[in-house]
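To be precise, the following lines are data.cif, and they hold mmCIF, C-alpha atoms.
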```
data_final
loop_
_atom_site.label_atom_id
_atom_site.label_comp_id
_atom_site.auth_asym_id
_atom_site.auth_seq_id
_atom_site.Cartn_x
_atom_site.Cartn_y
_atom_site.Cartn_z
CA MET A 1 39.64 -60.09 53.51
CA ARG A 2 36.49 -58.35 54.68
CA LYS A 3 35.94 -54.68 53.90
CA PRO A 4 35.30 -52.55 56.97
CA ALA A 5 31.69 -51.42 57.47
CA TRP A 6 32.63 -47.76 57.50
CA LEU A 7 34.02 -48.01 53.95
CA ALA A 8 30.68 -49.20 52.62
CA GLU A 9 28.96 -46.39 54.48
CA VAL A 10 31.37 -43.81 53.00
CA LEU A 11 30.79 -45.20 49.52
CA VAL A 12 27.01 -45.09 49.90
CA GLN A 13 27.12 -41.57 51.31
CA SER A 14 29.45 -40.43 48.52
CA VAL A 15 27.11 -41.81 45.89
CA MET A 16 24.18 -40.13 47.64
CA ILE A 17 26.02 -36.79 47.73
CA VAL A 18 26.93 -37.04 44.05
CA LEU A 19 23.34 -37.95 43.18
CA SER A 20 22.02 -35.05 45.26
CA ILE A 21 24.36 -32.63 43.52
CA LEU A 22 23.36 -33.96 40.12
CA LEU A 23 19.68 -33.73 41.06
CA ALA A 24 20.14 -30.15 42.31
CA LEU A 25 21.92 -29.22 39.08
CA TRP A 26 19.17 -30.84 37.02
CA VAL A 27 16.45 -29.01 38.99
CA ASP A 28 18.34 -25.74 38.57
CA GLU A 29 18.72 -26.32 34.86
CA TRP A 30 15.04 -27.26 34.57
CA LYS A 31 14.02 -24.10 36.43
CA GLN A 32 16.27 -22.00 34.23
CA HIS A 33 14.90 -23.63 31.10
CA ARG A 34 11.37 -23.03 32.34
CA ALA A 35 12.14 -19.35 33.05
CA GLU A 36 13.64 -19.00 29.58
CA GLN A 37 10.61 -20.67 28.05
CA GLN A 38 8.34 -18.33 29.99
CA LEU A 39 10.36 -15.33 28.80
CA ALA A 40 10.11 -16.57 25.22
CA ASN A 41 6.36 -17.11 25.60
CA VAL A 42 5.82 -13.68 27.14
CA SER A 43 7.88 -12.18 24.36
CA LEU A 44 5.94 -14.10 21.71
CA THR A 45 2.66 -12.93 23.25
CA ASN A 46 3.94 -9.34 23.10
CA PHE A 47 4.90 -9.87 19.48
CA LEU A 48 1.44 -11.20 18.73
CA HIS A 49 -0.27 -8.17 20.32
CA GLU A 50 2.05 -5.78 18.53
CA VAL A 51 1.65 -7.45 15.16
CA GLN A 52 -2.14 -7.41 15.62
CA GLN A 53 -2.09 -3.74 16.59
CA ASN A 54 0.05 -2.83 13.59
CA GLU A 55 -2.18 -4.92 11.36
CA ALA A 56 -5.23 -3.05 12.73
CA ARG A 57 -3.52 0.29 12.03
CA LEU A 58 -2.89 -0.74 8.44
CA ASP A 59 -6.47 -2.00 8.11
CA ASP A 60 -7.57 1.38 9.36
CA ILE A 61 -5.48 3.49 6.97
CA LEU A 62 -5.50 1.34 3.83
CA PRO A 63 -9.02 2.20 2.57
CA TYR A 64 -8.30 5.88 3.17
CA HIS A 65 -5.01 5.80 1.25
CA ARG A 66 -6.59 3.80 -1.59
CA ALA A 67 -9.41 6.34 -1.87
CA MET A 68 -6.91 9.22 -1.76
CA ARG A 69 -4.88 7.61 -4.52
CA SER A 70 -7.99 7.35 -6.73
CA MET A 71 -8.94 10.92 -5.90
CA VAL A 72 -5.47 12.27 -6.78
CA LYS A 73 -5.47 10.26 -10.00
CA GLU A 74 -8.83 11.76 -11.01
CA LEU A 75 -7.73 15.27 -10.08
CA GLU A 76 -4.56 14.87 -12.10
CA ALA A 77 -6.44 13.56 -15.11
CA GLY A 78 -9.15 16.19 -14.85
CA HIS A 79 -6.75 19.12 -14.44
CA GLY A 80 -9.09 20.48 -11.78
CA ILE A 81 -6.25 21.57 -9.53
CA ASN A 82 -4.08 24.26 -11.02
CA THR A 83 -2.65 26.34 -8.23
CA PRO A 84 -0.77 25.52 -5.03
CA THR A 85 -3.62 26.92 -2.94
CA GLU A 86 -6.11 24.66 -4.68
CA PHE A 87 -3.84 21.68 -3.99
CA GLU A 88 -3.54 22.58 -0.32
CA SER A 89 -7.27 22.94 0.16
CA ALA A 90 -8.21 19.92 -1.94
CA ILE A 91 -5.70 17.30 -0.79
CA GLY A 92 -3.13 18.48 1.74
CA VAL A 93 -0.16 16.39 2.78
CA ASP A 94 -1.00 15.21 6.28
CA GLY A 95 -3.46 12.60 5.07
CA MET A 96 -0.75 10.89 3.04
CA ARG A 97 1.37 10.14 6.06
CA PRO A 98 1.78 6.44 6.84
CA PRO A 99 0.44 5.04 10.12
CA PHE A 100 2.59 4.96 13.20
CA LEU A 101 3.72 1.34 13.57
CA LEU A 102 5.01 -0.05 16.83
CA THR A 103 8.41 -1.72 17.36
CA THR A 104 8.29 -2.04 21.15
CA ALA A 105 8.12 -5.84 21.25
CA TRP A 106 11.13 -6.15 18.94
CA GLN A 107 13.19 -3.63 20.94
CA THR A 108 12.24 -5.31 24.23
CA ALA A 109 13.10 -8.78 22.90
CA LEU A 110 16.50 -7.51 21.77
CA ALA A 111 17.15 -5.85 25.13
CA THR A 112 16.12 -8.84 27.26
CA GLY A 113 17.73 -11.48 25.05
CA ALA A 114 14.36 -13.17 24.57
CA LEU A 115 15.13 -13.79 20.90
CA GLN A 116 17.92 -16.20 21.89
CA LYS A 117 15.34 -18.39 23.62
CA MET A 118 13.24 -18.75 20.48
CA ASP A 119 13.67 -21.16 17.60
CA TYR A 120 15.33 -20.13 14.36
CA GLU A 121 12.13 -20.15 12.28
CA THR A 122 10.35 -17.72 14.61
CA VAL A 123 13.29 -15.32 14.92
CA SER A 124 13.79 -15.34 11.18
CA ALA A 125 10.11 -14.54 10.51
CA LEU A 126 10.05 -11.78 13.11
CA SER A 127 13.27 -10.30 11.79
CA LEU A 128 11.85 -10.22 8.28
CA THR A 129 8.64 -8.57 9.51
CA TYR A 130 10.45 -5.79 11.34
CA THR A 131 12.94 -5.31 8.49
CA LEU A 132 10.04 -4.76 6.09
CA GLN A 133 8.45 -2.41 8.60
CA ASP A 134 11.69 -0.39 8.84
CA ARG A 135 11.97 -0.25 5.08
CA PHE A 136 8.37 0.95 4.83
CA ARG A 137 9.05 3.71 7.35
CA GLU A 138 12.18 4.85 5.52
CA GLU A 139 10.50 4.80 2.12
CA SER A 140 7.51 6.71 3.47
CA ARG A 141 9.77 9.33 5.00
CA SER A 142 11.67 9.92 1.77
CA GLY A 143 8.41 9.79 -0.24
CA ILE A 144 6.79 12.47 1.93
CA GLN A 145 9.91 14.58 1.45
CA SER A 146 9.59 14.35 -2.31
CA VAL A 147 5.90 15.34 -2.10
CA LEU A 148 6.78 18.28 0.14
CA GLN A 149 9.49 19.34 -2.28
CA ALA A 150 7.01 19.15 -5.12
CA THR A 151 4.56 21.19 -3.07
CA ASN A 152 7.10 23.98 -2.73
CA PHE A 153 5.35 25.27 -5.82
CA GLN A 154 8.17 27.45 -7.02
CA THR A 155 6.78 27.01 -10.49
CA GLY A 156 3.30 28.10 -9.35
CA HIS A 157 1.72 24.96 -10.82
CA ALA A 158 0.08 22.10 -8.95
CA GLN A 159 0.75 19.37 -11.53
CA PRO A 160 4.20 18.33 -10.17
CA ALA A 161 2.70 18.02 -6.68
CA LEU A 162 -0.21 15.94 -7.98
CA ARG A 163 2.12 13.67 -9.93
CA SER A 164 4.44 13.27 -6.97
CA SER A 165 1.48 12.57 -4.65
CA GLU A 166 0.13 9.92 -6.99
CA ILE A 167 3.49 8.14 -7.19
CA PHE A 168 3.90 8.34 -3.44
CA LEU A 169 0.40 7.05 -2.69
CA ASN A 170 0.90 4.20 -5.15
CA ASP A 171 4.05 3.16 -3.30
CA VAL A 172 2.47 3.60 0.11
CA VAL A 173 -0.60 1.53 -0.73
CA THR A 174 1.52 -1.26 -2.25
CA SER A 175 3.87 -1.32 0.74
CA GLU A 176 0.97 -1.23 3.20
CA GLU A 177 -0.66 -4.19 1.46
CA GLU A 178 2.62 -6.15 1.48
CA LEU A 179 3.25 -5.32 5.09
CA ARG A 180 -0.28 -6.28 6.04
CA ALA A 181 0.15 -9.67 4.40
CA THR A 182 3.46 -10.11 6.26
CA TYR A 183 1.78 -9.27 9.58
CA ALA A 184 -0.95 -11.81 8.89
CA GLN A 185 1.67 -14.51 8.26
CA ALA A 186 3.68 -13.53 11.32
CA ALA A 187 0.55 -13.63 13.47
CA ARG A 188 -0.30 -17.11 12.18
CA LEU A 189 3.21 -18.35 12.94
CA ILE A 190 3.17 -16.91 16.47
CA ASP A 191 -0.30 -18.38 17.03
CA ARG A 192 1.10 -21.77 16.03
CA LYS A 193 4.13 -21.43 18.30
CA LEU A 194 1.97 -20.44 21.24
CA GLY A 195 -0.39 -23.29 20.51
CA ILE A 196 -3.32 -20.98 19.82
CA ALA A 197 -5.95 -22.26 17.41
CA PRO A 198 -6.55 -19.96 14.44
CA PRO A 199 -9.60 -17.71 14.88
CA PRO A 200 -12.74 -18.83 13.04
CA ALA A 201 -13.63 -15.34 11.79
CA PRO A 202 -11.48 -12.63 10.18
CA ARG A 203 -9.15 -11.02 12.70
CA ASP A 204 -10.72 -7.56 12.67
CA SER A 205 -14.26 -8.75 13.25
CA THR A 206 -13.58 -11.03 16.19
CA HIS A 207 -13.38 -8.07 18.54
CA ALA A 208 -16.11 -6.18 16.75
CA ASP A 209 -17.78 -3.75 19.06
CA THR A 210 -20.89 -3.49 16.98
CA LEU A 211 -23.21 -0.60 16.88
CA HIS A 212 -26.72 -0.86 18.19
CA VAL A 213 -28.77 1.25 15.88
CA ASP A 214 -32.35 1.81 14.99
CA SER A 215 -33.78 -1.32 13.39
CA THR A 216 -35.31 0.77 10.61
CA ALA A 217 -31.75 1.31 9.40
CA PHE A 218 -31.54 -2.22 8.04
CA THR A 219 -32.83 -3.87 4.96
CA PRO A 220 -35.35 -6.64 5.69
CA SER A 221 -33.11 -9.17 3.94
CA ARG A 222 -30.54 -8.92 6.70
CA PRO A 223 -32.43 -9.07 9.97
CA GLY A 224 -29.80 -11.29 11.52
CA THR A 225 -27.20 -8.58 11.43
CA ASN A 226 -29.08 -6.46 13.88
CA PRO A 227 -27.66 -7.27 17.30
CA MET B 1 -15.41 61.56 37.92
CA THR B 2 -17.06 63.83 35.40
CA LEU B 3 -20.08 62.90 33.39
CA THR B 4 -18.02 62.90 30.16
CA SER B 5 -15.42 60.45 31.49
CA ARG B 6 -18.18 58.15 32.78
CA PHE B 7 -19.80 58.25 29.41
CA ARG B 8 -16.48 57.51 27.71
CA ARG B 9 -15.82 54.57 30.01
CA ALA B 10 -19.29 53.13 29.45
CA ALA B 11 -18.85 53.53 25.72
CA ALA B 12 -15.47 51.78 25.83
CA VAL B 13 -16.85 48.88 27.87
CA THR B 14 -19.79 48.54 25.49
CA PHE B 15 -17.45 48.59 22.49
CA ILE B 16 -15.11 45.91 23.95
CA ALA B 17 -18.02 43.68 24.96
CA GLY B 18 -19.50 44.05 21.52
CA ALA B 19 -16.17 43.26 19.84
CA LEU B 20 -15.75 40.14 21.98
CA ALA B 21 -19.25 38.95 21.32
CA LEU B 22 -19.14 39.63 17.60
CA PRO B 23 -17.12 36.57 16.45
CA VAL B 24 -19.25 34.22 18.57
CA THR B 25 -22.44 35.75 17.26
CA ALA B 26 -21.09 35.62 13.72
CA ALA B 27 -20.06 31.96 14.09
CA ARG B 28 -23.48 31.08 15.49
CA ALA B 29 -25.20 32.92 12.70
CA GLN B 30 -22.99 31.14 10.15
CA ALA B 31 -23.67 27.78 11.77
CA LYS B 32 -27.39 28.51 11.83
CA ALA B 33 -27.31 29.36 8.18
CA ARG B 34 -25.39 26.21 7.27
CA PRO B 35 -26.59 23.11 9.10
CA LEU B 36 -24.21 20.18 9.04
CA ALA B 37 -25.24 16.95 7.40
CA ILE B 38 -23.82 13.68 8.68
CA VAL B 39 -23.08 11.60 5.61
CA VAL B 40 -22.05 7.99 5.08
CA ASN B 41 -21.23 5.70 2.18
CA THR B 42 -24.39 4.65 0.34
CA ALA B 43 -23.57 0.98 1.03
CA ASP B 44 -23.50 1.51 4.80
CA PRO B 45 -26.33 -0.31 6.57
CA VAL B 46 -27.55 2.69 8.52
CA SER B 47 -29.79 5.63 7.80
CA ASN B 48 -30.81 6.84 11.22
CA LEU B 49 -28.83 7.36 14.41
CA SER B 50 -29.67 8.80 17.76
CA PHE B 51 -27.48 11.69 18.83
CA ALA B 52 -26.00 9.48 21.57
CA GLU B 53 -25.03 6.86 18.97
CA LEU B 54 -23.53 9.56 16.78
CA ARG B 55 -21.43 10.73 19.71
CA ARG B 56 -20.25 7.19 20.40
CA ILE B 57 -19.12 6.83 16.78
CA PHE B 58 -17.33 10.17 16.71
CA LEU B 59 -15.70 9.44 20.06
CA GLY B 60 -14.38 6.14 18.70
CA GLU B 61 -16.38 4.13 21.25
CA GLN B 62 -18.24 2.30 18.50
CA GLN B 63 -15.84 1.25 15.76
CA PHE B 64 -17.93 -1.19 13.75
CA TRP B 65 -21.21 -1.01 11.90
CA PRO B 66 -23.80 -3.72 12.53
CA ASP B 67 -22.52 -5.67 9.49
CA HIS B 68 -19.03 -5.72 11.10
CA SER B 69 -17.54 -3.31 8.57
CA LYS B 70 -15.16 -0.85 10.13
CA VAL B 71 -16.20 2.73 10.81
CA THR B 72 -13.80 5.15 9.12
CA LEU B 73 -14.16 8.57 10.65
CA LEU B 74 -13.24 11.54 8.46
CA VAL B 75 -12.83 14.92 10.16
CA ARG B 76 -12.11 18.33 8.66
CA ALA B 77 -8.71 19.86 9.31
CA PRO B 78 -8.50 22.63 11.94
CA THR B 79 -9.88 26.12 11.29
CA ALA B 80 -12.88 24.92 9.27
CA TYR B 81 -16.15 26.11 10.81
CA GLU B 82 -17.62 22.61 10.34
CA ARG B 83 -14.90 21.20 12.58
CA SER B 84 -15.46 23.87 15.23
CA MET B 85 -19.15 23.08 15.25
CA VAL B 86 -18.58 19.33 15.57
CA LEU B 87 -16.02 19.81 18.33
CA ASP B 88 -18.47 22.04 20.14
CA ARG B 89 -21.70 20.07 19.67
CA ILE B 90 -20.58 16.44 19.38
CA TYR B 91 -17.24 16.19 21.14
CA ARG B 92 -17.85 19.04 23.59
CA MET B 93 -14.11 19.67 23.54
CA ASP B 94 -11.70 22.34 22.35
CA GLU B 95 -8.83 21.59 19.96
CA ASP B 96 -6.34 20.74 22.71
CA ARG B 97 -8.67 18.37 24.50
CA PHE B 98 -9.65 16.78 21.21
CA ARG B 99 -5.99 16.06 20.41
CA GLN B 100 -5.32 14.76 23.91
CA TYR B 101 -8.43 12.59 23.74
CA TRP B 102 -7.27 10.74 20.61
CA ILE B 103 -3.66 10.45 21.78
CA GLY B 104 -4.97 8.90 25.01
CA LYS B 105 -7.15 6.43 23.15
CA MET B 106 -4.27 5.39 20.90
CA PHE B 107 -1.94 5.09 23.87
CA ARG B 108 -4.39 2.76 25.61
CA ALA B 109 -4.76 0.82 22.34
CA GLU B 110 -8.50 1.48 22.35
CA VAL B 111 -8.35 2.62 18.73
CA ALA B 112 -5.99 1.78 15.88
CA ALA B 113 -5.71 5.42 14.85
CA GLY B 114 -7.41 8.77 15.19
CA PRO B 115 -9.84 10.28 12.68
CA LYS B 116 -8.61 10.74 9.12
CA ILE B 117 -8.15 14.31 7.97
CA VAL B 118 -9.96 15.89 5.06
CA TYR B 119 -9.27 19.38 3.77
CA SER B 120 -12.49 20.28 2.03
CA SER B 121 -16.10 19.23 1.73
CA GLU B 122 -15.34 17.96 -1.79
CA MET B 123 -12.54 15.77 -0.46
CA ALA B 124 -14.79 14.52 2.35
CA LEU B 125 -17.56 13.60 -0.08
CA THR B 126 -15.17 11.94 -2.55
CA LEU B 127 -13.63 9.81 0.18
CA VAL B 128 -16.96 8.90 1.78
CA SER B 129 -18.31 7.77 -1.57
CA ALA B 130 -15.18 5.63 -2.05
CA ILE B 131 -14.68 4.15 1.42
CA ARG B 132 -17.19 1.61 2.67
CA GLY B 133 -18.02 2.29 6.31
CA SER B 134 -16.88 5.90 6.30
CA ILE B 135 -18.73 8.75 7.98
CA THR B 136 -18.16 12.50 7.95
CA PHE B 137 -19.91 15.84 8.15
CA VAL B 138 -20.35 18.51 5.49
CA PRO B 139 -22.56 21.58 5.11
CA LEU B 140 -25.97 20.53 3.88
CA SER B 141 -25.57 22.73 0.80
CA ALA B 142 -22.52 20.69 -0.28
CA VAL B 143 -24.20 17.27 -0.19
CA THR B 144 -24.18 15.28 -3.43
CA PRO B 145 -26.21 12.19 -4.45
CA GLU B 146 -23.09 9.98 -4.13
CA VAL B 147 -23.47 9.88 -0.34
CA LYS B 148 -26.26 9.11 2.10
CA VAL B 149 -27.44 11.75 4.56
CA LEU B 150 -28.25 10.31 7.98
CA ARG B 151 -31.23 11.23 10.07
CA ILE B 152 -30.20 12.17 13.58
CA ASP B 153 -32.86 11.46 16.20
CA GLY B 154 -35.17 10.86 13.25
CA LYS B 155 -34.61 14.30 11.76
CA LEU B 156 -32.94 15.45 8.55
CA PRO B 157 -30.67 18.53 8.56
CA SER B 158 -33.37 20.72 7.03
CA GLU B 159 -35.96 19.79 9.66
CA ALA B 160 -36.62 21.68 12.85
CA GLY B 161 -35.01 20.18 15.94
CA TYR B 162 -32.05 18.71 14.07
CA PRO B 163 -29.16 18.82 16.56
CA LEU B 164 -26.48 20.19 14.21
CA GLN B 165 -28.29 23.28 12.98
#
```

Would you kindly transcribe this structure into structure tokens?
Amino acid sequence: MRKPAWLAEVLVQSVMIVLSILLALWVDEWKQHRAEQQLANVSLTNFLHEVQQNEARLDDILPYHRAMRSMVKELEAGHGINTPTEFESAIGVDGMRPPFLLTTAWQTALATGALQKMDYETVSALSLTYTLQDRFREESRSGIQSVLQATNFQTGHAQPALRSSEIFLNDVVTSEEELRATYAQAARLIDRKLGIAPPPAPRDSTHADTLHVDSTAFTPSRPGTNP
Amino acid sequence: MTLTSRFRRAAAVTFIAGALALPVTAARAQAKARPLAIVVNTADPVSNLSFAELRRIFLGEQQFWPDHSKVTLLVRAPTAYERSMVLDRIYRMDEDRFRQYWIGKMFRAEVAAGPKIVYSSEMALTLVSAIRGSITFVPLSAVTPEVKVLRIDGKLPSEAGYPLQ
């Protein structure tokens, strides 16, 4: 018995319709995947900029805090500061404050769901970085409070404030160094995920906006450093 | 108006004008008596700057020395006469504009942070001698051998024509 021609046509058309639907679904899924990948990449790029900015802020403050720590240690050992007024004019408290570190990329990634589009390793590393950053902020806040309490100077002596400042600056410098190392690792990981080759020179000198100064300012042994 | 009342008014105006001018005159006299020295760490590869270069450094427009070490700018806390002089001569700003300037630069991510605060000349000198790449200003009379005094436009603070006298 011969099949009618219309049946074959219906079958072919049905297959074509099913294939078209499947193709449309695949294209839609591909587009969605691409958009998610783009969101993840944009988010990773934001993370990279933020981590680099925070790293630069730590690079900026670390030498200052290290020098302050040494100075406080010497003052404490030398008993050169005896009164609250002397402490205020010699050290102050504002300089001990930690740098302002950004969390915008993390907050944005949480709000947009970009973290869900990233792999486990990246999310885990970023989470660790921002957890350490939070801990640093909290510790700094409580540390500053203890210094301020010590600088209440109800006793009229500066030694408790000096001791408290030294302990605080020790903690701050250690935490800043740890956090800086964490940022460096996070930046390397993000670089790898984004397919960016590691920079040939140290991070802070790649964007060096060098100073053009009088050539007499340089020693003859380093003529090449003069731009 | 009687002659006496005119005289009284003139005397009052003279007194008020004198009172207003007195702090400015006193500050200028103080500044003249105590020129500011721009000092850097002895390891810094610079010993002479033009005034324009000095401004660029203090404005955070130049953040690295020629050897790529970072410039660390130390500035006295408010109310010090040295700070007022630097704000006036180098920044050409008042306190409010100075604050706004650095907030703006940080907001635009042009700098990592603003200048670091120091509370005394002794603190400034101690930190400059400890931090490679640091720069600050202190009265010339406070300078110690642990730091290097920069020539500005080829002149030392004690020489005539030095811009921060």

Can you spell out as a ChimeraX atom specification the set of residues that the PyMOL selection byres ((chain B) within 6 of (chain A)) selects in the structure I just provided? /B:45-48,62,64-67,112,117,119-120,127,130

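The closest residue to Asn46 of chain A, picked from A:Gln116, A:Thr182, A:Trp106, A:Ala150 and counting only C-alpha atoms, is A:Trp106.
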
Tell me which residues come within 10 Å of (-20.8, 6.1, 3.2), as a tab-separated table (two decimals) with C-alpha atoms, in the frame of the given file, counting only C-alpha atoms in the file's coordinates.
```tsv
chain	number	residue	atom	x	y	z
B	38	ILE	CA	-23.82	13.68	8.68
B	39	VAL	CA	-23.08	11.60	5.61
B	40	VAL	CA	-22.05	7.99	5.08
B	41	ASN	CA	-21.23	5.70	2.18
B	42	THR	CA	-24.39	4.65	0.34
B	43	ALA	CA	-23.57	0.98	1.03
B	44	ASP	CA	-23.50	1.51	4.80
B	45	PRO	CA	-26.33	-0.31	6.57
B	46	VAL	CA	-27.55	2.69	8.52
B	71	VAL	CA	-16.20	2.73	10.81
B	72	THR	CA	-13.80	5.15	9.12
B	125	LEU	CA	-17.56	13.60	-0.08
B	126	THR	CA	-15.17	11.94	-2.55
B	127	LEU	CA	-13.63	9.81	0.18
B	128	VAL	CA	-16.96	8.90	1.78
B	129	SER	CA	-18.31	7.77	-1.57
B	130	ALA	CA	-15.18	5.63	-2.05
B	131	ILE	CA	-14.68	4.15	1.42
B	132	ARG	CA	-17.19	1.61	2.67
B	133	GLY	CA	-18.02	2.29	6.31
B	134	SER	CA	-16.88	5.90	6.30
B	135	ILE	CA	-18.73	8.75	7.98
B	136	THR	CA	-18.16	12.50	7.95
B	146	GLU	CA	-23.09	9.98	-4.13
B	147	VAL	CA	-23.47	9.88	-0.34
B	148	LYS	CA	-26.26	9.11	2.10
B	149	VAL	CA	-27.44	11.75	4.56
B	150	LEU	CA	-28.25	10.31	7.98
```

Written as a PyMOL selection string, which residues does the PyMOL selection byres ((chain B and resi 155-159) around 12) give for the file shown? chain B and resi 32-39+47-51+137-141+143+148-154+160-165

Residues in the PyMOL selection byres ((chain B and resi 81-83) around 9), expressed as an mmCIF file with C-alpha atoms, keeping the file's coordinate frame:
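Resulting contents of part-v7.cif:
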```cif
data_model
loop_
_atom_site.group_PDB
_atom_site.id
_atom_site.type_symbol
_atom_site.label_atom_id
_atom_site.label_comp_id
_atom_site.auth_asym_id
_atom_site.auth_seq_id
_atom_site.Cartn_x
_atom_site.Cartn_y
_atom_site.Cartn_z
ATOM 1 C CA ALA B 27 -20.060 31.960 14.090
ATOM 2 C CA GLN B 30 -22.990 31.140 10.150
ATOM 3 C CA ALA B 31 -23.670 27.780 11.770
ATOM 4 C CA LEU B 36 -24.210 20.180 9.040
ATOM 5 C CA VAL B 75 -12.830 14.920 10.160
ATOM 6 C CA ARG B 76 -12.110 18.330 8.660
ATOM 7 C CA ALA B 77 -8.710 19.860 9.310
ATOM 8 C CA PRO B 78 -8.500 22.630 11.940
ATOM 9 C CA THR B 79 -9.880 26.120 11.290
ATOM 10 C CA ALA B 80 -12.880 24.920 9.270
ATOM 11 C CA SER B 84 -15.460 23.870 15.230
ATOM 12 C CA MET B 85 -19.150 23.080 15.250
ATOM 13 C CA VAL B 86 -18.580 19.330 15.570
ATOM 14 C CA LEU B 87 -16.020 19.810 18.330
ATOM 15 C CA ASP B 88 -18.470 22.040 20.140
ATOM 16 C CA PHE B 137 -19.910 15.840 8.150
ATOM 17 C CA VAL B 138 -20.350 18.510 5.490
ATOM 18 C CA PRO B 139 -22.560 21.580 5.110
#
```

Hey, can you check how far atom CA of Ser165 of chain A sits from atom CA of Gln145 of chain A?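 Spanning atom CA of Ser165 of chain A to atom CA of Gln145 of chain A is a straight-line distance of 10.6 Å.
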
Go ahead and compute the interatomic distance for atom CA of Gln133 of chain A and atom CA of Ser69 of chain B, in Å to one decimal. 26.0 Å

Please identify all polymer residues within 12 Å of Asp134 of chain A, counting only C-alpha atoms, omitting same-chain residues fewer than 3 positions from it, and present them as a short mmCIF file (atom, residue, chain, number, x, y, z; two decimals) with C-alpha atoms, in the frame of the given file.
```
data_model
loop_
_atom_site.label_atom_id
_atom_site.label_comp_id
_atom_site.auth_asym_id
_atom_site.auth_seq_id
_atom_site.Cartn_x
_atom_site.Cartn_y
_atom_site.Cartn_z
CA PHE A 100 2.59 4.96 13.20
CA LEU A 101 3.72 1.34 13.57
CA LEU A 102 5.01 -0.05 16.83
CA THR A 103 8.41 -1.72 17.36
CA TRP A 106 11.13 -6.15 18.94
CA SER A 127 13.27 -10.30 11.79
CA LEU A 128 11.85 -10.22 8.28
CA THR A 129 8.64 -8.57 9.51
CA TYR A 130 10.45 -5.79 11.34
CA THR A 131 12.94 -5.31 8.49
CA ARG A 137 9.05 3.71 7.35
CA GLU A 138 12.18 4.85 5.52
CA GLU A 139 10.50 4.80 2.12
CA SER A 140 7.51 6.71 3.47
CA ARG A 141 9.77 9.33 5.00
CA SER A 175 3.87 -1.32 0.74
CA LEU A 179 3.25 -5.32 5.09
#
```

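With only C-alpha atoms as the atoms that count, the minimum distance from Gln159 of chain A to the choices A:Arg69, A:Val12, A:Leu189, A:Leu75 is reached by A:Leu75.
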